[in-house]
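Q: To be precise about what I am sending: the file is called final.cif and holds mmCIF, N, CA and C atoms.
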```cif
data_query
loop_
_atom_site.label_atom_id
_atom_site.label_comp_id
_atom_site.auth_asym_id
_atom_site.auth_seq_id
_atom_site.Cartn_x
_atom_site.Cartn_y
_atom_site.Cartn_z
N MET A 1 9.50 18.53 -15.38
CA MET A 1 8.23 18.25 -14.71
C MET A 1 7.55 17.09 -15.42
N CYS A 2 7.09 16.15 -14.63
CA CYS A 2 6.44 14.97 -15.20
C CYS A 2 4.97 15.26 -15.46
N THR A 3 4.47 14.82 -16.61
CA THR A 3 3.07 15.04 -16.95
C THR A 3 2.22 13.80 -16.75
N GLU A 4 2.85 12.66 -16.46
CA GLU A 4 2.11 11.41 -16.27
C GLU A 4 1.39 11.45 -14.92
N PRO A 5 0.11 11.09 -14.89
CA PRO A 5 -0.63 11.13 -13.63
C PRO A 5 -0.23 9.96 -12.72
N PHE A 6 -0.12 10.25 -11.45
CA PHE A 6 0.23 9.26 -10.44
C PHE A 6 -0.87 9.22 -9.40
N SER A 7 -0.95 8.10 -8.70
CA SER A 7 -1.87 8.00 -7.57
C SER A 7 -1.17 7.28 -6.43
N VAL A 8 -1.58 7.62 -5.22
CA VAL A 8 -1.09 6.95 -4.03
C VAL A 8 -2.23 6.08 -3.53
N ARG A 9 -1.94 4.80 -3.38
CA ARG A 9 -2.96 3.86 -2.90
C ARG A 9 -2.38 3.07 -1.73
N PHE A 10 -3.26 2.75 -0.78
CA PHE A 10 -2.85 1.91 0.33
C PHE A 10 -2.99 0.46 -0.10
N VAL A 11 -1.92 -0.29 0.04
CA VAL A 11 -1.88 -1.68 -0.40
C VAL A 11 -1.85 -2.58 0.83
N GLU A 12 -2.81 -3.50 0.90
CA GLU A 12 -2.83 -4.47 2.00
C GLU A 12 -1.71 -5.49 1.82
N THR A 13 -1.61 -6.04 0.63
CA THR A 13 -0.53 -6.96 0.29
C THR A 13 -0.44 -7.01 -1.24
N THR A 14 0.76 -7.12 -1.75
CA THR A 14 0.94 -7.13 -3.19
C THR A 14 1.41 -8.48 -3.71
N GLY A 15 1.90 -9.32 -2.84
CA GLY A 15 2.49 -10.57 -3.32
C GLY A 15 3.79 -10.27 -4.03
N ALA A 16 4.27 -11.20 -4.80
CA ALA A 16 5.50 -11.02 -5.55
C ALA A 16 5.20 -10.20 -6.80
N THR A 17 5.72 -8.99 -6.86
CA THR A 17 5.50 -8.13 -8.02
C THR A 17 6.82 -7.56 -8.51
N ALA A 18 6.76 -6.97 -9.67
CA ALA A 18 7.91 -6.27 -10.24
C ALA A 18 7.47 -4.85 -10.58
N CYS A 19 8.40 -3.93 -10.51
CA CYS A 19 8.10 -2.53 -10.85
C CYS A 19 7.73 -2.46 -12.33
N PRO A 20 6.62 -1.81 -12.68
CA PRO A 20 6.24 -1.72 -14.09
C PRO A 20 7.19 -0.84 -14.91
N GLU A 21 7.98 -0.02 -14.24
CA GLU A 21 8.90 0.89 -14.94
C GLU A 21 10.25 0.23 -15.24
N CYS A 22 10.88 -0.35 -14.20
CA CYS A 22 12.23 -0.90 -14.37
C CYS A 22 12.29 -2.42 -14.33
N GLY A 23 11.22 -3.08 -13.86
CA GLY A 23 11.18 -4.53 -13.83
C GLY A 23 11.83 -5.17 -12.61
N GLU A 24 12.36 -4.36 -11.70
CA GLU A 24 13.00 -4.89 -10.50
C GLU A 24 11.96 -5.52 -9.58
N PRO A 25 12.29 -6.66 -8.95
CA PRO A 25 11.35 -7.26 -7.99
C PRO A 25 11.18 -6.35 -6.78
N GLN A 26 9.97 -6.37 -6.21
CA GLN A 26 9.66 -5.51 -5.08
C GLN A 26 9.32 -6.34 -3.85
N PRO A 27 9.72 -5.85 -2.68
CA PRO A 27 9.33 -6.56 -1.46
C PRO A 27 7.84 -6.42 -1.23
N ASP A 28 7.26 -7.41 -0.59
CA ASP A 28 5.84 -7.39 -0.28
C ASP A 28 5.66 -6.69 1.06
N PHE A 29 5.06 -5.51 1.06
CA PHE A 29 4.78 -4.85 2.33
C PHE A 29 3.46 -4.09 2.26
N ARG A 30 2.87 -3.95 3.40
CA ARG A 30 1.59 -3.27 3.55
C ARG A 30 1.85 -1.78 3.76
N GLY A 31 1.10 -0.94 3.07
CA GLY A 31 1.26 0.49 3.26
C GLY A 31 0.99 1.28 2.00
N PRO A 32 1.26 2.58 2.05
CA PRO A 32 1.03 3.43 0.88
C PRO A 32 2.06 3.16 -0.20
N ARG A 33 1.60 3.12 -1.44
CA ARG A 33 2.48 2.88 -2.59
C ARG A 33 2.10 3.84 -3.71
N LEU A 34 3.03 4.09 -4.60
CA LEU A 34 2.83 4.99 -5.73
C LEU A 34 2.56 4.18 -6.99
N PHE A 35 1.51 4.57 -7.71
CA PHE A 35 1.11 3.90 -8.94
C PHE A 35 1.06 4.92 -10.07
N THR A 36 1.37 4.45 -11.29
CA THR A 36 1.14 5.28 -12.47
C THR A 36 -0.26 4.98 -12.98
N ALA A 37 -0.81 5.88 -13.75
CA ALA A 37 -2.16 5.70 -14.28
C ALA A 37 -2.23 4.43 -15.12
N GLY A 38 -3.26 3.65 -14.90
CA GLY A 38 -3.49 2.46 -15.68
C GLY A 38 -2.66 1.25 -15.28
N GLN A 39 -1.89 1.32 -14.20
CA GLN A 39 -1.07 0.19 -13.76
C GLN A 39 -1.65 -0.40 -12.48
N ASP A 40 -1.58 -1.72 -12.36
CA ASP A 40 -2.03 -2.39 -11.14
C ASP A 40 -0.88 -2.71 -10.20
N GLN A 41 0.36 -2.63 -10.68
CA GLN A 41 1.52 -2.86 -9.84
C GLN A 41 2.11 -1.51 -9.43
N PRO A 42 2.53 -1.40 -8.16
CA PRO A 42 3.13 -0.15 -7.71
C PRO A 42 4.55 0.02 -8.24
N LEU A 43 4.97 1.26 -8.32
CA LEU A 43 6.35 1.58 -8.69
C LEU A 43 7.27 1.24 -7.52
N CYS A 44 8.51 0.90 -7.82
CA CYS A 44 9.49 0.72 -6.75
C CYS A 44 9.85 2.11 -6.21
N ARG A 45 10.49 2.15 -5.07
CA ARG A 45 10.84 3.44 -4.45
C ARG A 45 11.76 4.26 -5.34
N ALA A 46 12.73 3.60 -5.96
CA ALA A 46 13.69 4.32 -6.81
C ALA A 46 12.99 4.98 -8.00
N CYS A 47 12.11 4.25 -8.67
CA CYS A 47 11.39 4.82 -9.81
C CYS A 47 10.40 5.89 -9.36
N GLY A 48 9.77 5.68 -8.22
CA GLY A 48 8.86 6.68 -7.68
C GLY A 48 9.57 7.99 -7.39
N LYS A 49 10.77 7.90 -6.81
CA LYS A 49 11.54 9.11 -6.52
C LYS A 49 12.02 9.79 -7.79
N ARG A 50 12.33 9.00 -8.81
CA ARG A 50 12.83 9.56 -10.07
C ARG A 50 11.71 10.21 -10.88
N LEU A 51 10.55 9.54 -10.97
CA LEU A 51 9.46 10.02 -11.81
C LEU A 51 8.59 11.08 -11.14
N ALA A 52 8.39 10.96 -9.83
CA ALA A 52 7.56 11.90 -9.08
C ALA A 52 8.25 12.18 -7.74
N PRO A 53 9.30 13.01 -7.75
CA PRO A 53 10.09 13.20 -6.53
C PRO A 53 9.29 13.72 -5.34
N ASP A 54 8.32 14.58 -5.59
CA ASP A 54 7.54 15.10 -4.46
C ASP A 54 6.66 14.03 -3.83
N LEU A 55 6.01 13.19 -4.66
CA LEU A 55 5.19 12.11 -4.12
C LEU A 55 6.06 11.01 -3.51
N GLY A 56 7.21 10.75 -4.09
CA GLY A 56 8.14 9.77 -3.52
C GLY A 56 8.61 10.18 -2.15
N ALA A 57 8.93 11.48 -1.99
CA ALA A 57 9.36 11.99 -0.69
C ALA A 57 8.21 11.97 0.32
N LEU A 58 7.00 12.25 -0.14
CA LEU A 58 5.84 12.20 0.73
C LEU A 58 5.60 10.77 1.22
N LEU A 59 5.73 9.79 0.34
CA LEU A 59 5.58 8.40 0.74
C LEU A 59 6.65 7.98 1.74
N GLU A 60 7.89 8.39 1.52
CA GLU A 60 8.96 8.09 2.47
C GLU A 60 8.65 8.69 3.84
N LEU A 61 8.12 9.91 3.86
CA LEU A 61 7.75 10.55 5.12
C LEU A 61 6.63 9.77 5.81
N ALA A 62 5.64 9.36 5.06
CA ALA A 62 4.53 8.59 5.64
C ALA A 62 4.99 7.24 6.18
N ILE A 63 5.84 6.56 5.45
CA ILE A 63 6.35 5.25 5.87
C ILE A 63 7.21 5.40 7.12
N THR A 64 8.06 6.42 7.15
CA THR A 64 8.90 6.66 8.32
C THR A 64 8.07 7.02 9.53
N ALA A 65 7.09 7.89 9.35
CA ALA A 65 6.23 8.29 10.47
C ALA A 65 5.45 7.09 11.02
N GLU A 66 4.98 6.22 10.14
CA GLU A 66 4.24 5.04 10.59
C GLU A 66 5.17 4.11 11.37
N ARG A 67 6.39 3.93 10.89
CA ARG A 67 7.36 3.07 11.58
C ARG A 67 7.72 3.64 12.96
N VAL A 68 7.95 4.95 13.02
CA VAL A 68 8.27 5.60 14.29
C VAL A 68 7.10 5.46 15.27
N GLY A 69 5.90 5.69 14.78
CA GLY A 69 4.72 5.55 15.64
C GLY A 69 4.53 4.14 16.16
N ARG A 70 4.78 3.17 15.33
CA ARG A 70 4.61 1.76 15.72
C ARG A 70 5.66 1.37 16.76
N HIS A 71 6.92 1.78 16.57
CA HIS A 71 8.00 1.38 17.46
C HIS A 71 8.05 2.19 18.75
N CYS A 72 7.56 3.41 18.73
CA CYS A 72 7.69 4.30 19.89
C CYS A 72 6.37 4.59 20.56
N ARG A 73 5.38 3.82 20.28
CA ARG A 73 4.03 4.06 20.80
C ARG A 73 4.00 4.14 22.31
N HIS A 74 4.76 3.29 22.98
CA HIS A 74 4.68 3.20 24.44
C HIS A 74 5.85 3.88 25.14
N LEU A 75 6.62 4.65 24.43
CA LEU A 75 7.76 5.34 25.03
C LEU A 75 7.40 6.78 25.37
N LEU A 76 7.97 7.27 26.45
CA LEU A 76 7.75 8.66 26.81
C LEU A 76 8.43 9.59 25.80
N THR A 77 9.67 9.24 25.45
CA THR A 77 10.40 10.00 24.43
C THR A 77 11.07 9.04 23.46
N PRO A 78 10.95 9.26 22.17
CA PRO A 78 11.61 8.40 21.18
C PRO A 78 13.13 8.58 21.24
N SER A 79 13.86 7.61 20.74
CA SER A 79 15.32 7.69 20.72
C SER A 79 15.77 8.77 19.73
N MET A 80 16.99 9.22 19.92
CA MET A 80 17.55 10.24 19.02
C MET A 80 17.64 9.71 17.59
N GLU A 81 17.98 8.43 17.43
CA GLU A 81 18.08 7.84 16.09
C GLU A 81 16.73 7.90 15.37
N VAL A 82 15.65 7.60 16.07
CA VAL A 82 14.31 7.62 15.47
C VAL A 82 13.92 9.05 15.13
N LEU A 83 14.22 9.98 16.01
CA LEU A 83 13.91 11.39 15.72
C LEU A 83 14.69 11.91 14.52
N LEU A 84 15.93 11.48 14.40
CA LEU A 84 16.74 11.89 13.24
C LEU A 84 16.20 11.28 11.95
N ASP A 85 15.75 10.03 11.99
CA ASP A 85 15.13 9.42 10.80
C ASP A 85 13.91 10.21 10.36
N LEU A 86 13.08 10.59 11.31
CA LEU A 86 11.88 11.36 11.00
C LEU A 86 12.23 12.75 10.48
N ALA A 87 13.22 13.39 11.09
CA ALA A 87 13.65 14.71 10.63
C ALA A 87 14.23 14.64 9.21
N ARG A 88 14.99 13.58 8.92
CA ARG A 88 15.57 13.41 7.57
C ARG A 88 14.47 13.23 6.52
N ALA A 89 13.47 12.42 6.84
CA ALA A 89 12.36 12.21 5.90
C ALA A 89 11.59 13.50 5.68
N ALA A 90 11.38 14.27 6.75
CA ALA A 90 10.67 15.55 6.62
C ALA A 90 11.49 16.55 5.80
N GLU A 91 12.80 16.57 6.01
CA GLU A 91 13.66 17.47 5.24
C GLU A 91 13.68 17.08 3.76
N ASN A 92 13.74 15.77 3.48
CA ASN A 92 13.71 15.32 2.08
C ASN A 92 12.40 15.73 1.41
N TYR A 93 11.29 15.63 2.13
CA TYR A 93 10.01 16.04 1.56
C TYR A 93 10.00 17.55 1.31
N ALA A 94 10.47 18.33 2.29
CA ALA A 94 10.49 19.78 2.12
C ALA A 94 11.37 20.19 0.95
N THR A 95 12.50 19.51 0.78
CA THR A 95 13.40 19.82 -0.32
C THR A 95 12.79 19.44 -1.66
N ALA A 96 12.09 18.32 -1.71
CA ALA A 96 11.49 17.85 -2.96
C ALA A 96 10.34 18.73 -3.41
N THR A 97 9.66 19.39 -2.49
CA THR A 97 8.49 20.18 -2.84
C THR A 97 8.77 21.68 -2.92
N THR A 98 9.97 22.10 -2.51
CA THR A 98 10.31 23.52 -2.55
C THR A 98 10.89 23.87 -3.90
N PRO A 99 10.29 24.86 -4.59
CA PRO A 99 10.85 25.25 -5.88
C PRO A 99 12.22 25.91 -5.70
N VAL A 100 13.12 25.63 -6.62
CA VAL A 100 14.45 26.22 -6.57
C VAL A 100 14.39 27.61 -7.18
N ARG A 101 14.92 28.58 -6.46
CA ARG A 101 14.91 29.96 -6.96
C ARG A 101 16.25 30.32 -7.56
N ALA A 102 16.19 30.93 -8.71
CA ALA A 102 17.42 31.38 -9.36
C ALA A 102 17.88 32.66 -8.68
N GLY A 103 19.14 32.75 -8.42
CA GLY A 103 19.57 33.95 -7.72
C GLY A 103 20.87 34.35 -8.10
#
```
Output the file's structure in the form of structure tokens.

A:
Amino acid sequence: MCTEPFSVRFVETTGATACPECGEPQPDFRGPRLFTAGQDQPLCRACGKRLAPDLGALLELAITAERVGRHCRHLLTPSMEVLLDLARAAENYATATTPVRAG
């Protein structure tokens, strides 16, 4: 369990940045991003998933839902591919937040 505090912030634009954890360059995109306490640069997705798996999965779900909503806004029914993407993101979030029981 990670004890470092994290925050989720909506970023309008980040410009050219690097992950403060691994140093990898990050793409510039608008949306929710994961930050560690005291950092102005967001974590990359890989580090976010590694350091805070539940928040990383929640961000993936939010990003996928926003993409699905944007692309399927005017459709009566979304495509099966889009529904499967959304279901996969929701399952990843549920798995990341469900405690494992010893049995």

Q: Taking the file as shown, find all residues satisfying the PyMOL selection byres ((chain A and resi 80-97) around 6) and write them as a PyMOL selection string.

A: chain A and resi 53-54+57-58+60-61+64+78-79+98-99

Q: How far is it from atom CA of Ala65 of chain A to atom C of Val8 of chain A, in Å with one decimal?

A: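 Between atom CA of Ala65 of chain A and atom C of Val8 of chain A the gap works out to 16.5 Å.
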
Q: Between atom C of Glu24 of chain A and atom C of Arg67 of chain A, what is the distance, to one decimal in Å?

A: 24.7 Å

Q: Can you list, as a ChimeraX atom specification, the residues that the PyMOL selection byres ((chain A and resi 33) around 5) selects here?

A: /A:8-10,31-32,34-35

Q: Find the residues around Pro20 of chain A up to 7 Å (only N, CA and C atoms counted), leave out those fewer than 6 positions away in its own chain, and share them as a PDB file with N, CA and C atoms, in the frame of the given file.

A:
```pdb
ATOM      1  N   GLN A  41       0.360  -2.630 -10.680  1.00  0.00           N
ATOM      2  CA  GLN A  41       1.520  -2.860  -9.840  1.00  0.00           C
ATOM      3  C   GLN A  41       2.110  -1.510  -9.430  1.00  0.00           C
ATOM      4  N   PRO A  42       2.530  -1.400  -8.160  1.00  0.00           N
ATOM      5  CA  PRO A  42       3.130  -0.150  -7.710  1.00  0.00           C
ATOM      6  C   PRO A  42       4.550   0.020  -8.240  1.00  0.00           C
ATOM      7  N   LEU A  43       4.970   1.260  -8.320  1.00  0.00           N
ATOM      8  CA  LEU A  43       6.350   1.580  -8.690  1.00  0.00           C
ATOM      9  C   LEU A  43       7.270   1.240  -7.520  1.00  0.00           C
ATOM     10  N   CYS A  44       8.510   0.900  -7.820  1.00  0.00           N
ATOM     11  CA  CYS A  44       9.490   0.720  -6.750  1.00  0.00           C
ATOM     12  C   CYS A  44       9.850   2.110  -6.210  1.00  0.00           C
TER      13      CYS A  44
END
```
